[in-house]
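I have placed the structure first, in the form of structure tokens, so that the comments after it can refer back to it.
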Amino acid sequence: MSKLGTKIFDEHHGSTIEEWQGAMLRAAESSDPSFPNFRHLARLGSLNLATGIEEAFKLYKIARPHLDNCVGPQKNYLDFGCGVGRIFKTFMRDFPAQNMTGADVTEEFIDFCKEDFASEFNFTHIPMRPKTQIPSNSVDVITAYSVFSHFSAIQATRWLDEFDRICRSGATIILTTYGRGHLDYVADTDPSELPPNKITQQKDINDAGGKSEFLRMFELGEMLFYARNPAFGFYDYGHAYVGEEFVRRIWGKNFEVVEVVDDYDKLEQMAVVLRKR
Ligand SMILES: C[S@@+](CC[C@H](N)C(=O)[O-])C[C@H]1O[C@@H](n2cnc3c(N)ncnc32)[C@H](O)[C@@H]1O
């Protein structure tokens, strides 16, 4: 069995975030065989290696300052909705390979990850709705980048209940969804300057009442969801816009809300850092 994954943790866990990002980019550009393969990065919209890795590190830089007590050889990591392993890769510095799990509803992505990563890493296909096979009280960090941005309020609640079950006390969850920063960017940018998927999103926002209606709902502590992607069941995957008020009012009941970063320049989506009490 390959030991490549274990080596990455041993070699890089003492490095700074900047050194780690540089090492990742060099490994990707040179197809370094001691790193997982990056060939599927473009599958989820990353234009090239450098921008794909930079985007992933934007989340990592928001998450990492909150994780000093949640990383290391005794701790376990889950990337929920791991796709082709983009965010997962940034955490290889923090956990030995055997303590890292990527989970996704799309079997094809799980197959890619199994091909691209050394065999000690764990990748698992999960159902659209809980429950998973992940043991209770076993996980210390969960990331979910651009996954809750596609869930209805009920879907999000069910998954957060599942996270509550599988997390240890003190575990940290970093998830993203569409917030005010994303709404401002998509609604206020001239369509000629938007990529095609965001032109559709702008049209959807206008059809659903426009930016002012979204902001009114945020202030009422609501979130908005509209079904969008028939690749999954129609209501299984759409676009979710969530205000910080909703995060604190609803998600804050079961978790401590540690930080909310809703700034498009820092990250395209709103990042929410939650902690299990
Ligand atoms: C926009 S992609 C983001 C992928 C990855 N997190 C990244 O940032 O590169 C959304 C991912 O969520 C997965 N997904 C959608 N619904 C899911 C669900 N109910 N449970 C787990 N994964 C889901 C999709 O298959 C897809 O891989």
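Numbering starts fresh at 1 for the residues of each chain in the structure tokens, the chains themselves are lettered A, B, ... in the order given, and ligands are numbered from 1 as they appear.
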
If we count only C-alpha atoms and set the cut-off at 7 Å, which residues sit around region 216-227 of chain A, ignoring sequence neighbours fewer than 6 positions away in its own chain? Please answer as a list in words.
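Those residues are Ser152, Phe234, Tyr235, Tyr237, Gly238, His239, Ala240, Tyr241, Val242, Gly243, Glu245, Phe246 and Arg249 of chain A.
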
I'd like the contact shell of region 18-22 of chain A - 12 Å cut-off, only C-alpha atoms, skipping same-chain residues fewer than 3 positions apart - returned as a ChimeraX atom specification.
/A:8-9,11-15,25-29,49-58,60-61,89-94

I need the residues from that last selection saved to file as a tab-separated table (two decimals), in the first residue's frame (with C-alpha atoms), if you can.
chain	number	residue	atom	x	y	z
A	8	ILE	CA	2.49	14.91	2.85
A	9	PHE	CA	1.30	15.41	6.45
A	11	GLU	CA	6.54	16.97	5.47
A	12	HIS	CA	4.17	19.92	5.44
A	13	HIS	CA	2.33	20.22	8.76
A	14	GLY	CA	5.02	22.53	10.14
A	15	SER	CA	4.98	24.90	7.16
A	25	LEU	CA	0.88	24.88	-6.77
A	26	ARG	CA	4.34	23.55	-7.67
A	27	ALA	CA	3.15	19.98	-7.16
A	28	ALA	CA	0.12	20.61	-9.39
A	29	GLU	CA	2.12	22.28	-12.14
A	49	LEU	CA	-4.67	25.18	-11.81
A	50	ALA	CA	-3.53	28.47	-10.31
A	51	THR	CA	-7.03	29.99	-9.99
A	52	GLY	CA	-8.53	26.70	-8.79
A	53	ILE	CA	-5.91	26.34	-6.07
A	54	GLU	CA	-6.13	30.03	-5.14
A	55	GLU	CA	-9.92	29.73	-4.72
A	56	ALA	CA	-9.51	26.66	-2.49
A	57	PHE	CA	-6.92	28.48	-0.38
A	58	LYS	CA	-9.29	31.41	0.12
A	60	TYR	CA	-8.51	27.44	3.83
A	61	LYS	CA	-7.25	30.86	5.00
A	89	LYS	CA	-6.29	18.73	-0.80
A	90	THR	CA	-5.67	21.93	1.16
A	91	PHE	CA	-6.21	20.02	4.45
A	92	MET	CA	-3.63	17.28	3.71
A	93	ARG	CA	-1.20	19.44	5.70
A	94	ASP	CA	-3.34	19.10	8.83

Atom pair CA of Asp184 (chain A) / CA of Tyr264 (chain A): separation (Å):
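Separation between CA of Asp184 (chain A) and CA of Tyr264 (chain A): 8.6 Å.
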
Which parts of region 6-197 of chain A does DSSP call helix (DSSP H, G or I) when run on the backbone here, written out as a PyMOL selection string?
chain A and resi 6-12+17-29+41-44+49-66+86-93+97-99+107-116+148-150+153-166+180-188+191-193+196-197

Ligand 1: which residues are within 6 Å, counting only C-alpha atoms and all ligand atoms? Reply as a short mmCIF file (atom, residue, chain, number, x, y, z; two decimals) with N, CA and C atoms, in the first residue's frame.
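Contents of the output file result27.cif:
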data_model
loop_
_atom_site.label_atom_id
_atom_site.label_comp_id
_atom_site.auth_asym_id
_atom_site.auth_seq_id
_atom_site.Cartn_x
_atom_site.Cartn_y
_atom_site.Cartn_z
N PHE A 80 -17.40 17.36 3.11
CA PHE A 80 -18.75 16.99 2.70
C PHE A 80 -19.03 17.64 1.34
N GLY A 81 -19.44 16.84 0.35
CA GLY A 81 -19.60 17.37 -1.01
C GLY A 81 -18.23 17.66 -1.60
N CYS A 82 -17.34 16.66 -1.51
CA CYS A 82 -15.91 16.87 -1.82
C CYS A 82 -15.64 17.09 -3.30
N GLY A 83 -16.61 16.77 -4.17
CA GLY A 83 -16.37 16.93 -5.60
C GLY A 83 -15.13 16.14 -6.02
N ARG A 86 -10.89 19.20 -4.39
CA ARG A 86 -10.18 20.48 -4.43
C ARG A 86 -9.92 21.03 -3.02
N ILE A 87 -10.97 21.17 -2.20
CA ILE A 87 -10.81 21.70 -0.84
C ILE A 87 -10.08 20.67 0.04
N ASP A 104 -19.36 12.36 -1.10
CA ASP A 104 -20.13 13.07 -2.13
C ASP A 104 -21.26 12.17 -2.63
N VAL A 105 -22.32 12.83 -3.09
CA VAL A 105 -23.49 12.14 -3.61
C VAL A 105 -23.24 11.67 -5.06
N THR A 106 -22.27 12.28 -5.72
CA THR A 106 -21.99 11.95 -7.13
C THR A 106 -20.93 10.85 -7.20
N MET A 128 -28.31 11.41 -0.86
CA MET A 128 -28.70 12.83 -0.94
C MET A 128 -29.16 13.36 0.41
N ARG A 129 -29.75 12.49 1.21
CA ARG A 129 -30.20 12.90 2.55
C ARG A 129 -29.60 11.97 3.60
N ALA A 144 -17.55 22.15 3.88
CA ALA A 144 -18.60 21.93 2.88
C ALA A 144 -18.63 23.19 2.00
N TYR A 145 -17.79 23.19 0.98
CA TYR A 145 -17.68 24.39 0.13
C TYR A 145 -18.62 24.27 -1.05
N SER A 146 -19.49 25.27 -1.18
CA SER A 146 -20.44 25.33 -2.30
C SER A 146 -21.35 24.10 -2.31
N VAL A 147 -21.81 23.69 -1.15
CA VAL A 147 -22.77 22.59 -1.05
C VAL A 147 -24.07 23.12 -0.43
#

Selection near region 109-125 of chain A, 6 Å with only C-alpha atoms, sequence-local residues under 4 positions removed, as a list in words
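Counting only C-alpha atoms, the residues come to Gly5, Pro36, Asn37, Gly83, Val84, Ala97, Gln98, Met100, Thr101, Gly102, Ala103, Asp104 and Val105 of chain A.
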
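Comparing the minimum interatomic distances between Pro73 (chain A) and each of A:Gly85, A:Gly181, A:Pro96, A:Pro196, counting only C-alpha atoms, we find that A:Pro96 sits nearest.
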
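Using only C-alpha atoms, the protein and nucleic acid residues lying no more than 10 Å from Arg275 (chain A), apart from those fewer than 2 places from it along its own chain, are His66, Asp140, Val141, Asp164, Cys167, Arg168, Ser169, Gly170, Ala171, Thr172, Ile173, Ile174, Gly252, Asn254, Phe255, Glu256, Val257, Val258, Glu259, Val273 and Arg277 of chain A.
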